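Structure file protein.pdb; described as PDB, N, CA and C atoms.
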```pdb
ATOM      1  N   MET Q 247     -23.310 -12.824  22.964
ATOM      2  CA  MET Q 247     -23.042 -11.413  22.856
ATOM      3  C   MET Q 247     -24.378 -10.673  22.970
ATOM      4  N   SER Q 248     -24.391  -9.653  23.799
ATOM      5  CA  SER Q 248     -25.630  -8.906  23.991
ATOM      6  C   SER Q 248     -25.939  -8.068  22.759
ATOM      7  N   LEU Q 249     -27.204  -7.743  22.589
ATOM      8  CA  LEU Q 249     -27.633  -6.965  21.436
ATOM      9  C   LEU Q 249     -27.041  -5.560  21.473
ATOM     10  N   THR Q 250     -26.921  -4.983  22.666
ATOM     11  CA  THR Q 250     -26.351  -3.644  22.800
ATOM     12  C   THR Q 250     -24.898  -3.625  22.339
ATOM     13  N   LEU Q 251     -24.121  -4.612  22.782
ATOM     14  CA  LEU Q 251     -22.721  -4.703  22.369
ATOM     15  C   LEU Q 251     -22.614  -4.930  20.871
ATOM     16  N   GLN Q 252     -23.475  -5.763  20.333
ATOM     17  CA  GLN Q 252     -23.455  -6.048  18.902
ATOM     18  C   GLN Q 252     -23.748  -4.780  18.095
ATOM     19  N   ILE Q 253     -24.737  -4.010  18.509
ATOM     20  CA  ILE Q 253     -25.070  -2.767  17.818
ATOM     21  C   ILE Q 253     -23.923  -1.765  17.931
ATOM     22  N   LEU Q 254     -23.323  -1.675  19.112
ATOM     23  CA  LEU Q 254     -22.192  -0.767  19.315
ATOM     24  C   LEU Q 254     -21.013  -1.141  18.415
ATOM     25  N   LEU Q 255     -20.723  -2.431  18.312
ATOM     26  CA  LEU Q 255     -19.634  -2.890  17.442
ATOM     27  C   LEU Q 255     -19.930  -2.604  15.968
ATOM     28  N   ILE Q 256     -21.159  -2.814  15.564
ATOM     29  CA  ILE Q 256     -21.532  -2.539  14.173
ATOM     30  C   ILE Q 256     -21.354  -1.061  13.867
ATOM     31  N   ILE Q 257     -21.837  -0.194  14.755
ATOM     32  CA  ILE Q 257     -21.713   1.256  14.535
ATOM     33  C   ILE Q 257     -20.245   1.675  14.492
ATOM     34  N   ALA Q 258     -19.448   1.169  15.431
ATOM     35  CA  ALA Q 258     -18.032   1.541  15.487
ATOM     36  C   ALA Q 258     -17.278   1.087  14.240
ATOM     37  N   THR Q 259     -17.519  -0.128  13.792
ATOM     38  CA  THR Q 259     -16.795  -0.625  12.625
ATOM     39  C   THR Q 259     -17.250   0.053  11.339
ATOM     40  N   VAL Q 260     -18.527   0.375  11.233
ATOM     41  CA  VAL Q 260     -19.008   1.087  10.052
ATOM     42  C   VAL Q 260     -18.410   2.497  10.020
ATOM     43  N   LEU Q 261     -18.356   3.166  11.168
ATOM     44  CA  LEU Q 261     -17.731   4.496  11.228
ATOM     45  C   LEU Q 261     -16.256   4.430  10.847
ATOM     46  N   PHE Q 262     -15.556   3.405  11.346
ATOM     47  CA  PHE Q 262     -14.147   3.219  11.006
ATOM     48  C   PHE Q 262     -13.993   3.010   9.497
ATOM     49  N   PHE Q 263     -14.871   2.217   8.910
ATOM     50  CA  PHE Q 263     -14.830   1.962   7.477
ATOM     51  C   PHE Q 263     -15.057   3.249   6.691
ATOM     52  N   ILE Q 264     -16.027   4.047   7.107
ATOM     53  CA  ILE Q 264     -16.325   5.312   6.427
ATOM     54  C   ILE Q 264     -15.136   6.264   6.511
ATOM     55  N   ILE Q 265     -14.507   6.351   7.678
ATOM     56  CA  ILE Q 265     -13.332   7.213   7.848
ATOM     57  C   ILE Q 265     -12.195   6.757   6.937
ATOM     58  N   LEU Q 266     -11.979   5.452   6.853
ATOM     59  CA  LEU Q 266     -10.934   4.927   5.969
ATOM     60  C   LEU Q 266     -11.189   5.307   4.513
ATOM     61  N   VAL Q 267     -12.409   5.099   4.066
ATOM     62  CA  VAL Q 267     -12.733   5.389   2.669
ATOM     63  C   VAL Q 267     -12.583   6.882   2.384
ATOM     64  N   LYS Q 268     -13.029   7.731   3.312
ATOM     65  CA  LYS Q 268     -12.878   9.181   3.116
ATOM     66  C   LYS Q 268     -11.407   9.581   3.043
ATOM     67  N   ASN Q 269     -10.571   8.992   3.913
ATOM     68  CA  ASN Q 269      -9.147   9.315   3.892
ATOM     69  C   ASN Q 269      -8.479   8.862   2.598
ATOM     70  N   VAL Q 270      -8.907   7.745   2.059
ATOM     71  CA  VAL Q 270      -8.355   7.286   0.782
ATOM     72  C   VAL Q 270      -8.780   8.231  -0.338
ATOM     73  N   LYS Q 271     -10.051   8.640  -0.331
ATOM     74  CA  LYS Q 271     -10.539   9.548  -1.368
ATOM     75  C   LYS Q 271      -9.849  10.905  -1.313
ATOM     76  N   LYS Q 272      -9.567  11.397  -0.111
ATOM     77  CA  LYS Q 272      -8.906  12.688   0.047
ATOM     78  C   LYS Q 272      -7.409  12.607  -0.229
ATOM     79  N   GLY Q 273      -6.870  11.401  -0.320
ATOM     80  CA  GLY Q 273      -5.445  11.244  -0.574
ATOM     81  C   GLY Q 273      -4.602  11.285   0.686
ATOM     82  N   LYS Q 274      -5.227  11.220   1.848
ATOM     83  CA  LYS Q 274      -4.487  11.231   3.106
ATOM     84  C   LYS Q 274      -3.901   9.858   3.428
ATOM     85  N   LEU Q 275      -4.455   8.831   2.815
ATOM     86  CA  LEU Q 275      -4.021   7.465   3.084
ATOM     87  C   LEU Q 275      -3.860   6.753   1.753
ATOM     88  N   ARG Q 276      -2.687   6.128   1.575
ATOM     89  CA  ARG Q 276      -2.436   5.413   0.323
ATOM     90  C   ARG Q 276      -3.306   4.164   0.245
ATOM     91  N   THR Q 277      -3.676   3.825  -0.960
ATOM     92  CA  THR Q 277      -4.581   2.707  -1.185
ATOM     93  C   THR Q 277      -3.979   1.390  -0.730
ATOM     94  N   ASP Q 278      -2.682   1.201  -0.967
ATOM     95  CA  ASP Q 278      -2.074  -0.074  -0.596
ATOM     96  C   ASP Q 278      -2.055  -0.274   0.925
ATOM     97  N   TYR Q 279      -1.894   0.802   1.684
ATOM     98  CA  TYR Q 279      -1.966   0.687   3.138
ATOM     99  C   TYR Q 279      -3.407   0.541   3.603
ATOM    100  N   ALA Q 280      -4.286   1.265   2.956
ATOM    101  CA  ALA Q 280      -5.685   1.264   3.376
ATOM    102  C   ALA Q 280      -6.368  -0.061   3.073
ATOM    103  N   LEU Q 281      -5.881  -0.776   2.076
ATOM    104  CA  LEU Q 281      -6.525  -2.030   1.694
ATOM    105  C   LEU Q 281      -6.576  -3.019   2.854
ATOM    106  N   ALA Q 282      -5.475  -3.158   3.570
ATOM    107  CA  ALA Q 282      -5.448  -4.081   4.712
ATOM    108  C   ALA Q 282      -6.442  -3.642   5.786
ATOM    109  N   TRP Q 283      -6.491  -2.330   6.058
ATOM    110  CA  TRP Q 283      -7.415  -1.831   7.084
ATOM    111  C   TRP Q 283      -8.859  -1.967   6.638
ATOM    112  N   ILE Q 284      -9.125  -1.752   5.358
ATOM    113  CA  ILE Q 284     -10.487  -1.897   4.850
ATOM    114  C   ILE Q 284     -10.943  -3.345   4.940
ATOM    115  N   LEU Q 285     -10.055  -4.269   4.584
ATOM    116  CA  LEU Q 285     -10.404  -5.695   4.702
ATOM    117  C   LEU Q 285     -10.663  -6.085   6.152
ATOM    118  N   CYS Q 286      -9.843  -5.563   7.063
ATOM    119  CA  CYS Q 286     -10.058  -5.846   8.490
ATOM    120  C   CYS Q 286     -11.376  -5.263   8.975
ATOM    121  N   SER Q 287     -11.699  -4.066   8.530
ATOM    122  CA  SER Q 287     -12.960  -3.466   8.983
ATOM    123  C   SER Q 287     -14.158  -4.218   8.412
ATOM    124  N   ILE Q 288     -14.054  -4.697   7.175
ATOM    125  CA  ILE Q 288     -15.140  -5.504   6.609
ATOM    126  C   ILE Q 288     -15.301  -6.798   7.401
ATOM    127  N   ALA Q 289     -14.173  -7.420   7.750
ATOM    128  CA  ALA Q 289     -14.236  -8.645   8.558
ATOM    129  C   ALA Q 289     -14.869  -8.365   9.921
ATOM    130  N   LEU Q 290     -14.523  -7.229  10.525
ATOM    131  CA  LEU Q 290     -15.119  -6.882  11.817
ATOM    132  C   LEU Q 290     -16.611  -6.595  11.698
ATOM    133  N   ILE Q 291     -17.014  -5.966  10.605
ATOM    134  CA  ILE Q 291     -18.445  -5.728  10.392
ATOM    135  C   ILE Q 291     -19.189  -7.049  10.271
ATOM    136  N   ILE Q 292     -18.624  -7.974   9.504
ATOM    137  CA  ILE Q 292     -19.256  -9.290   9.339
ATOM    138  C   ILE Q 292     -19.324 -10.017  10.675
ATOM    139  N   LEU Q 293     -18.229  -9.984  11.453
ATOM    140  CA  LEU Q 293     -18.240 -10.640  12.760
ATOM    141  C   LEU Q 293     -19.186  -9.962  13.749
ATOM    142  N   SER Q 294     -19.364  -8.650  13.599
ATOM    143  CA  SER Q 294     -20.295  -7.946  14.473
ATOM    144  C   SER Q 294     -21.735  -8.316  14.153
ATOM    145  N   ILE Q 295     -22.028  -8.472  12.869
ATOM    146  CA  ILE Q 295     -23.387  -8.830  12.463
ATOM    147  C   ILE Q 295     -23.670 -10.301  12.744
ATOM    148  N   PHE Q 296     -22.674 -11.151  12.478
ATOM    149  CA  PHE Q 296     -22.827 -12.597  12.668
ATOM    150  C   PHE Q 296     -21.786 -13.122  13.658
ATOM    151  N   PRO Q 297     -21.972 -12.906  14.960
ATOM    152  CA  PRO Q 297     -20.967 -13.365  15.934
ATOM    153  C   PRO Q 297     -20.855 -14.889  16.015
ATOM    154  N   GLN Q 298     -21.823 -15.588  15.441
ATOM    155  CA  GLN Q 298     -21.767 -17.058  15.456
ATOM    156  C   GLN Q 298     -20.560 -17.572  14.676
ATOM    157  N   ILE Q 299     -20.078 -16.772  13.716
ATOM    158  CA  ILE Q 299     -18.905 -17.174  12.931
ATOM    159  C   ILE Q 299     -17.693 -17.318  13.844
ATOM    160  N   ALA Q 300     -17.526 -16.378  14.766
ATOM    161  CA  ALA Q 300     -16.388 -16.438  15.693
ATOM    162  C   ALA Q 300     -16.506 -17.641  16.622
ATOM    163  N   PHE Q 301     -17.715 -17.921  17.096
ATOM    164  CA  PHE Q 301     -17.906 -19.073  17.968
ATOM    165  C   PHE Q 301     -17.615 -20.371  17.223
ATOM    166  N   PHE Q 302     -18.075 -20.451  15.963
ATOM    167  CA  PHE Q 302     -17.823 -21.642  15.153
ATOM    168  C   PHE Q 302     -16.331 -21.820  14.900
ATOM    169  N   ALA Q 303     -15.642 -20.738  14.559
ATOM    170  CA  ALA Q 303     -14.205 -20.822  14.288
ATOM    171  C   ALA Q 303     -13.438 -21.227  15.535
ATOM    172  N   ALA Q 304     -13.840 -20.721  16.699
ATOM    173  CA  ALA Q 304     -13.166 -21.087  17.948
ATOM    174  C   ALA Q 304     -13.339 -22.570  18.234
ATOM    175  N   ARG Q 305     -14.561 -23.072  18.036
ATOM    176  CA  ARG Q 305     -14.786 -24.510  18.252
ATOM    177  C   ARG Q 305     -14.008 -25.340  17.238
ATOM    178  N   LEU Q 306     -13.948 -24.865  16.005
ATOM    179  CA  LEU Q 306     -13.249 -25.592  14.945
ATOM    180  C   LEU Q 306     -11.761 -25.696  15.241
ATOM    181  N   ILE Q 307     -11.170 -24.607  15.723
ATOM    182  CA  ILE Q 307      -9.737 -24.585  16.034
ATOM    183  C   ILE Q 307      -9.453 -25.292  17.350
ATOM    184  N   GLY Q 308     -10.412 -25.277  18.247
ATOM    185  CA  GLY Q 308     -10.225 -25.917  19.539
ATOM    186  C   GLY Q 308      -9.905 -24.952  20.660
ATOM    187  N   VAL Q 309     -10.173 -23.666  20.439
ATOM    188  CA  VAL Q 309      -9.935 -22.658  21.461
ATOM    189  C   VAL Q 309     -11.141 -22.634  22.391
ATOM    190  N   ILE Q 310     -10.877 -22.628  23.695
ATOM    191  CA  ILE Q 310     -11.965 -22.671  24.660
ATOM    192  C   ILE Q 310     -12.748 -21.363  24.671
ATOM    193  N   SER Q 311     -12.030 -20.259  24.700
ATOM    194  CA  SER Q 311     -12.687 -18.954  24.766
ATOM    195  C   SER Q 311     -12.618 -18.272  23.404
ATOM    196  N   THR Q 312     -13.768 -17.848  22.914
ATOM    197  CA  THR Q 312     -13.827 -17.160  21.629
ATOM    198  C   THR Q 312     -13.060 -15.845  21.678
ATOM    199  N   ALA Q 313     -13.103 -15.172  22.820
ATOM    200  CA  ALA Q 313     -12.392 -13.904  22.961
ATOM    201  C   ALA Q 313     -10.891 -14.097  22.773
ATOM    202  N   ASN Q 314     -10.354 -15.190  23.288
ATOM    203  CA  ASN Q 314      -8.926 -15.466  23.120
ATOM    204  C   ASN Q 314      -8.570 -15.650  21.652
ATOM    205  N   MET Q 315      -9.444 -16.312  20.911
ATOM    206  CA  MET Q 315      -9.186 -16.508  19.491
ATOM    207  C   MET Q 315      -9.234 -15.180  18.743
ATOM    208  N   VAL Q 316     -10.191 -14.337  19.091
ATOM    209  CA  VAL Q 316     -10.310 -13.035  18.438
ATOM    210  C   VAL Q 316      -9.077 -12.183  18.736
ATOM    211  N   PHE Q 317      -8.643 -12.165  19.999
ATOM    212  CA  PHE Q 317      -7.443 -11.406  20.363
ATOM    213  C   PHE Q 317      -6.208 -11.951  19.636
ATOM    214  N   ALA Q 318      -6.085 -13.256  19.551
ATOM    215  CA  ALA Q 318      -4.942 -13.852  18.857
ATOM    216  C   ALA Q 318      -4.955 -13.478  17.374
ATOM    217  N   ALA Q 319      -6.125 -13.481  16.761
ATOM    218  CA  ALA Q 319      -6.228 -13.120  15.347
ATOM    219  C   ALA Q 319      -5.858 -11.651  15.135
ATOM    220  N   ILE Q 320      -6.313 -10.786  16.036
ATOM    221  CA  ILE Q 320      -5.987  -9.361  15.921
ATOM    222  C   ILE Q 320      -4.491  -9.133  16.113
ATOM    223  N   ILE Q 321      -3.910  -9.796  17.088
ATOM    224  CA  ILE Q 321      -2.466  -9.671  17.318
ATOM    225  C   ILE Q 321      -1.690 -10.167  16.100
ATOM    226  N   PHE Q 322      -2.130 -11.269  15.516
ATOM    227  CA  PHE Q 322      -1.477 -11.803  14.325
ATOM    228  C   PHE Q 322      -1.551 -10.807  13.172
ATOM    229  N   MET Q 323      -2.723 -10.194  12.960
ATOM    230  CA  MET Q 323      -2.864  -9.203  11.892
ATOM    231  C   MET Q 323      -1.976  -7.990  12.146
ATOM    232  N   LEU Q 324      -1.868  -7.566  13.393
ATOM    233  CA  LEU Q 324      -1.020  -6.416  13.715
ATOM    234  C   LEU Q 324       0.462  -6.736  13.514
ATOM    235  N   ILE Q 325       0.865  -7.955  13.821
ATOM    236  CA  ILE Q 325       2.253  -8.364  13.584
ATOM    237  C   ILE Q 325       2.558  -8.330  12.090
ATOM    238  N   ILE Q 326       1.625  -8.801  11.281
ATOM    239  CA  ILE Q 326       1.812  -8.760   9.829
ATOM    240  C   ILE Q 326       1.911  -7.317   9.353
ATOM    241  N   LEU Q 327       1.057  -6.444   9.872
ATOM    242  CA  LEU Q 327       1.091  -5.033   9.492
ATOM    243  C   LEU Q 327       2.408  -4.381   9.891
ATOM    244  N   VAL Q 328       2.902  -4.678  11.077
ATOM    245  CA  VAL Q 328       4.186  -4.130  11.518
ATOM    246  C   VAL Q 328       5.304  -4.616  10.606
ATOM    247  N   TYR Q 329       5.281  -5.877  10.213
ATOM    248  CA  TYR Q 329       6.296  -6.408   9.301
ATOM    249  C   TYR Q 329       6.262  -5.665   7.967
ATOM    250  N   ILE Q 330       5.060  -5.456   7.427
ATOM    251  CA  ILE Q 330       4.934  -4.749   6.149
ATOM    252  C   ILE Q 330       5.476  -3.330   6.269
ATOM    253  N   LEU Q 331       5.157  -2.654   7.368
ATOM    254  CA  LEU Q 331       5.631  -1.284   7.563
ATOM    255  C   LEU Q 331       7.142  -1.232   7.746
ATOM    256  N   PHE Q 332       7.719  -2.181   8.488
ATOM    257  CA  PHE Q 332       9.178  -2.227   8.627
ATOM    258  C   PHE Q 332       9.841  -2.477   7.279
ATOM    259  N   ASN Q 333       9.221  -3.306   6.460
ATOM    260  CA  ASN Q 333       9.748  -3.573   5.132
ATOM    261  C   ASN Q 333       9.756  -2.295   4.294
ATOM    262  N   LYS Q 334       8.665  -1.528   4.363
ATOM    263  CA  LYS Q 334       8.597  -0.253   3.644
ATOM    264  C   LYS Q 334       9.646   0.729   4.154
ATOM    265  N   VAL Q 335       9.825   0.807   5.469
ATOM    266  CA  VAL Q 335      10.821   1.712   6.053
ATOM    267  C   VAL Q 335      12.215   1.328   5.578
ATOM    268  N   SER Q 336      12.514   0.046   5.537
ATOM    269  CA  SER Q 336      13.821  -0.403   5.067
ATOM    270  C   SER Q 336      14.052  -0.004   3.614
ATOM    271  N   MET Q 337      13.033  -0.171   2.786
ATOM    272  CA  MET Q 337      13.164   0.211   1.381
ATOM    273  C   MET Q 337      13.361   1.716   1.246
ATOM    274  N   LEU Q 338      12.632   2.499   2.037
ATOM    275  CA  LEU Q 338      12.773   3.953   1.973
ATOM    276  C   LEU Q 338      14.143   4.409   2.461
ATOM    277  N   GLU Q 339      14.670   3.753   3.493
ATOM    278  CA  GLU Q 339      16.020   4.087   3.967
ATOM    279  C   GLU Q 339      17.050   3.805   2.890
ATOM    280  N   GLU Q 340      16.876   2.718   2.167
ATOM    281  CA  GLU Q 340      17.803   2.377   1.085
ATOM    282  C   GLU Q 340      17.722   3.408  -0.041
ATOM    283  N   LYS Q 341      16.504   3.813  -0.391
ATOM    284  CA  LYS Q 341      16.340   4.846  -1.422
ATOM    285  C   LYS Q 341      16.947   6.172  -0.965
ATOM    286  N   GLN Q 342      16.761   6.506   0.300
ATOM    287  CA  GLN Q 342      17.317   7.748   0.839
ATOM    288  C   GLN Q 342      18.839   7.726   0.763
ATOM    289  N   LYS Q 343      19.436   6.603   1.122
ATOM    290  CA  LYS Q 343      20.897   6.476   1.056
ATOM    291  C   LYS Q 343      21.385   6.635  -0.376
ATOM    292  N   ASP Q 344      20.698   6.012  -1.325
ATOM    293  CA  ASP Q 344      21.079   6.123  -2.731
ATOM    294  C   ASP Q 344      20.972   7.565  -3.223
ATOM    295  N   LEU Q 345      19.905   8.248  -2.831
ATOM    296  CA  LEU Q 345      19.734   9.644  -3.242
ATOM    297  C   LEU Q 345      20.800  10.551  -2.643
ATOM    298  N   ILE Q 346      21.141  10.331  -1.381
ATOM    299  CA  ILE Q 346      22.182  11.128  -0.736
ATOM    300  C   ILE Q 346      23.512  10.917  -1.439
ATOM    301  N   GLN Q 347      23.824   9.682  -1.790
ATOM    302  CA  GLN Q 347      25.067   9.400  -2.496
ATOM    303  C   GLN Q 347      25.070  10.037  -3.882
ATOM    304  N   GLU Q 348      23.929   9.988  -4.558
ATOM    305  CA  GLU Q 348      23.839  10.586  -5.892
ATOM    306  C   GLU Q 348      24.008  12.107  -5.820
ATOM    307  N   ILE Q 349      23.410  12.725  -4.834
ATOM    308  CA  ILE Q 349      23.559  14.177  -4.651
ATOM    309  C   ILE Q 349      25.012  14.525  -4.361
ATOM    310  N   ALA Q 350      25.652  13.729  -3.526
ATOM    311  CA  ALA Q 350      27.062  13.978  -3.213
ATOM    312  C   ALA Q 350      27.932  13.860  -4.462
ATOM    313  N   ILE Q 351      27.651  12.877  -5.287
ATOM    314  CA  ILE Q 351      28.414  12.712  -6.533
ATOM    315  C   ILE Q 351      28.187  13.895  -7.466
ATOM    316  N   LEU Q 352      26.946  14.330  -7.600
ATOM    317  CA  LEU Q 352      26.648  15.491  -8.472
ATOM    318  C   LEU Q 352      27.301  16.763  -7.947
ATOM    319  N   LYS Q 353      27.306  16.964  -6.654
ATOM    320  CA  LYS Q 353      27.971  18.134  -6.078
ATOM    321  C   LYS Q 353      29.459  18.086  -6.339
ATOM    322  N   LYS Q 354      30.046  16.912  -6.218
ATOM    323  CA  LYS Q 354      31.479  16.743  -6.448
ATOM    324  C   LYS Q 354      31.825  17.045  -7.901
ATOM    325  N   LYS Q 355      30.980  16.584  -8.865
ATOM    326  CA  LYS Q 355      31.206  16.846 -10.271
ATOM    327  C   LYS Q 355      31.084  18.324 -10.585
ATOM    328  N   ASN Q 356      30.108  18.999  -9.960
ATOM    329  CA  ASN Q 356      29.947  20.448 -10.198
ATOM    330  C   ASN Q 356      31.093  21.249  -9.632
ATOM    331  N   ASP Q 357      31.678  20.802  -8.541
ATOM    332  CA  ASP Q 357      32.823  21.501  -7.953
ATOM    333  C   ASP Q 357      34.063  21.344  -8.833
ATOM    334  N   LEU Q 358      34.210  20.242  -9.544
ATOM    335  CA  LEU Q 358      35.394  19.997 -10.378
ATOM    336  C   LEU Q 358      35.332  20.798 -11.665
ATOM    337  N   LYS Q 359      34.192  21.179 -12.148
ATOM    338  CA  LYS Q 359      34.075  21.896 -13.423
ATOM    339  C   LYS Q 359      34.380  23.324 -13.241
TER     340      LYS Q 359
END
```
Translate this structure into structure tokens?
Amino acid sequence: MSLTLQILLIIATVLFFIILVKNVKKGKLRTDYALAWILCSIALIILSIFPQIAFFAARLIGVISTANMVFAAIIFMLIILVYILFNKVSMLEEKQKDLIQEIAILKKKNDLK
């Protein structure tokens, strides 16, 4: 990895980390969602500073190209994130249905009195 690319990656990941932390502090992003992104950004910062870790992991796993391993890891993390978000959406839909039913019951009781 060239030094220019390494410096660019370090700057980009540090900026991403700073933006995440600011959004959490301002309350724009919930901590439980931000935790996964913060951990990913820390991992990217470490990999940007020490790219030898990615090369070692690729050799250890048996992947020929380090880039393929990095892309596979990112895709895997995104799949996990999508699953977590779908799980949250399902829970919110269930809560919404329960609230709508409760409101309907309360309206019905008020109409009978």
message = Quick check, in Å to one decimal: how far apart do atom CA of Ala303 of chain Q and atom CA of Ile320 of chain Q lie?
response = 14.2 Å
Put a box with edges along x, y and z around all the listed atoms of segment 248-265 of chain Q, pad it by 3 Å on each side, then give me its centre and sizes in Å, one decimal, as AutoDock Vina command-line options.
```
--center_x -19.9 --center_y -1.2 --center_z 15.2 --size_x 21.4 --size_y 22.9 --size_z 23.6
```
Considering only C-alpha atoms, give me a table of residues in segment 287-323 of chain Q that are at most 9 Å from segment 250-255 of chain Q, with the closest atom pair and distance in Å for each, as JSON lines.
```
{"residue": "Q:Leu290", "atom": "CA", "partner": "Q:Leu255", "partner_atom": "CA", "distance": 8.2}
{"residue": "Q:Ile291", "atom": "CA", "partner": "Q:Leu255", "partner_atom": "CA", "distance": 7.7}
{"residue": "Q:Ser294", "atom": "CA", "partner": "Q:Gln252", "partner_atom": "CA", "distance": 5.8}
{"residue": "Q:Ile295", "atom": "CA", "partner": "Q:Gln252", "partner_atom": "CA", "distance": 7.0}
{"residue": "Q:Pro297", "atom": "CA", "partner": "Q:Gln252", "partner_atom": "CA", "distance": 8.3}
```
query = How many Å separate atom CA of Met323 of chain Q from atom CA of Thr277 of chain Q?
reply = 17.8 Å
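Atom C of Asn333 of chain Q is found 15.1 Å from atom C of Arg276 of chain Q.
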message = Can you tell me which residues surround Ser311 of chain Q at a distance of at most 8 Å, considering only N, CA and C atoms, apart from same-chain residues fewer than 4 positions away, and format the answer as a PyMOL selection string?
response = chain Q and resi 300-301+304-305+315-316
Keeping N, CA and C atoms for every residue in the selection just given, could you write it to a file as an mmCIF file, keeping the file's coordinate frame?
```
data_model
loop_
_atom_site.group_PDB
_atom_site.id
_atom_site.type_symbol
_atom_site.label_atom_id
_atom_site.label_comp_id
_atom_site.auth_asym_id
_atom_site.auth_seq_id
_atom_site.Cartn_x
_atom_site.Cartn_y
_atom_site.Cartn_z
ATOM 1 N N ALA Q 300 -17.526 -16.378 14.766
ATOM 2 C CA ALA Q 300 -16.388 -16.438 15.693
ATOM 3 C C ALA Q 300 -16.506 -17.641 16.622
ATOM 4 N N PHE Q 301 -17.715 -17.921 17.096
ATOM 5 C CA PHE Q 301 -17.906 -19.073 17.968
ATOM 6 C C PHE Q 301 -17.615 -20.371 17.223
ATOM 7 N N ALA Q 304 -13.840 -20.721 16.699
ATOM 8 C CA ALA Q 304 -13.166 -21.087 17.948
ATOM 9 C C ALA Q 304 -13.339 -22.570 18.234
ATOM 10 N N ARG Q 305 -14.561 -23.072 18.036
ATOM 11 C CA ARG Q 305 -14.786 -24.510 18.252
ATOM 12 C C ARG Q 305 -14.008 -25.340 17.238
ATOM 13 N N MET Q 315 -9.444 -16.312 20.911
ATOM 14 C CA MET Q 315 -9.186 -16.508 19.491
ATOM 15 C C MET Q 315 -9.234 -15.180 18.743
ATOM 16 N N VAL Q 316 -10.191 -14.337 19.091
ATOM 17 C CA VAL Q 316 -10.310 -13.035 18.438
ATOM 18 C C VAL Q 316 -9.077 -12.183 18.736
#
```
Explicit residues for the PyMOL selection byres (((chain Q and resi 286 and name CA) around 12) and name CA) (as an MDAnalysis selection string) = chainID Q and resid 259:260 262:263 266 279:285 287:293 319:320 322:324 327
Mind writing the picked residues with N, CA and C atoms as a short mmCIF file (atom, residue, chain, number, x, y, z; two decimals), in the frame of the given file?
```cif
data_model
loop_
_atom_site.label_atom_id
_atom_site.label_comp_id
_atom_site.auth_asym_id
_atom_site.auth_seq_id
_atom_site.Cartn_x
_atom_site.Cartn_y
_atom_site.Cartn_z
N THR Q 259 -17.52 -0.13 13.79
CA THR Q 259 -16.80 -0.62 12.62
C THR Q 259 -17.25 0.05 11.34
N VAL Q 260 -18.53 0.38 11.23
CA VAL Q 260 -19.01 1.09 10.05
C VAL Q 260 -18.41 2.50 10.02
N PHE Q 262 -15.56 3.40 11.35
CA PHE Q 262 -14.15 3.22 11.01
C PHE Q 262 -13.99 3.01 9.50
N PHE Q 263 -14.87 2.22 8.91
CA PHE Q 263 -14.83 1.96 7.48
C PHE Q 263 -15.06 3.25 6.69
N LEU Q 266 -11.98 5.45 6.85
CA LEU Q 266 -10.93 4.93 5.97
C LEU Q 266 -11.19 5.31 4.51
N TYR Q 279 -1.89 0.80 1.68
CA TYR Q 279 -1.97 0.69 3.14
C TYR Q 279 -3.41 0.54 3.60
N ALA Q 280 -4.29 1.26 2.96
CA ALA Q 280 -5.68 1.26 3.38
C ALA Q 280 -6.37 -0.06 3.07
N LEU Q 281 -5.88 -0.78 2.08
CA LEU Q 281 -6.52 -2.03 1.69
C LEU Q 281 -6.58 -3.02 2.85
N ALA Q 282 -5.48 -3.16 3.57
CA ALA Q 282 -5.45 -4.08 4.71
C ALA Q 282 -6.44 -3.64 5.79
N TRP Q 283 -6.49 -2.33 6.06
CA TRP Q 283 -7.42 -1.83 7.08
C TRP Q 283 -8.86 -1.97 6.64
N ILE Q 284 -9.12 -1.75 5.36
CA ILE Q 284 -10.49 -1.90 4.85
C ILE Q 284 -10.94 -3.34 4.94
N LEU Q 285 -10.06 -4.27 4.58
CA LEU Q 285 -10.40 -5.70 4.70
C LEU Q 285 -10.66 -6.08 6.15
N SER Q 287 -11.70 -4.07 8.53
CA SER Q 287 -12.96 -3.47 8.98
C SER Q 287 -14.16 -4.22 8.41
N ILE Q 288 -14.05 -4.70 7.18
CA ILE Q 288 -15.14 -5.50 6.61
C ILE Q 288 -15.30 -6.80 7.40
N ALA Q 289 -14.17 -7.42 7.75
CA ALA Q 289 -14.24 -8.64 8.56
C ALA Q 289 -14.87 -8.36 9.92
N LEU Q 290 -14.52 -7.23 10.52
CA LEU Q 290 -15.12 -6.88 11.82
C LEU Q 290 -16.61 -6.60 11.70
N ILE Q 291 -17.01 -5.97 10.60
CA ILE Q 291 -18.44 -5.73 10.39
C ILE Q 291 -19.19 -7.05 10.27
N ILE Q 292 -18.62 -7.97 9.50
CA ILE Q 292 -19.26 -9.29 9.34
C ILE Q 292 -19.32 -10.02 10.68
N LEU Q 293 -18.23 -9.98 11.45
CA LEU Q 293 -18.24 -10.64 12.76
C LEU Q 293 -19.19 -9.96 13.75
N ALA Q 319 -6.12 -13.48 16.76
CA ALA Q 319 -6.23 -13.12 15.35
C ALA Q 319 -5.86 -11.65 15.14
N ILE Q 320 -6.31 -10.79 16.04
CA ILE Q 320 -5.99 -9.36 15.92
C ILE Q 320 -4.49 -9.13 16.11
N PHE Q 322 -2.13 -11.27 15.52
CA PHE Q 322 -1.48 -11.80 14.32
C PHE Q 322 -1.55 -10.81 13.17
N MET Q 323 -2.72 -10.19 12.96
CA MET Q 323 -2.86 -9.20 11.89
C MET Q 323 -1.98 -7.99 12.15
N LEU Q 324 -1.87 -7.57 13.39
CA LEU Q 324 -1.02 -6.42 13.72
C LEU Q 324 0.46 -6.74 13.51
N LEU Q 327 1.06 -6.44 9.87
CA LEU Q 327 1.09 -5.03 9.49
C LEU Q 327 2.41 -4.38 9.89
#
```
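The shortest atom-to-atom distance to Phe296 of chain Q, with only C-alpha atoms taken into account, belongs to Q:Ile256 out of Q:Ile330, Q:Ile256, Q:Ile325, Q:Leu261.
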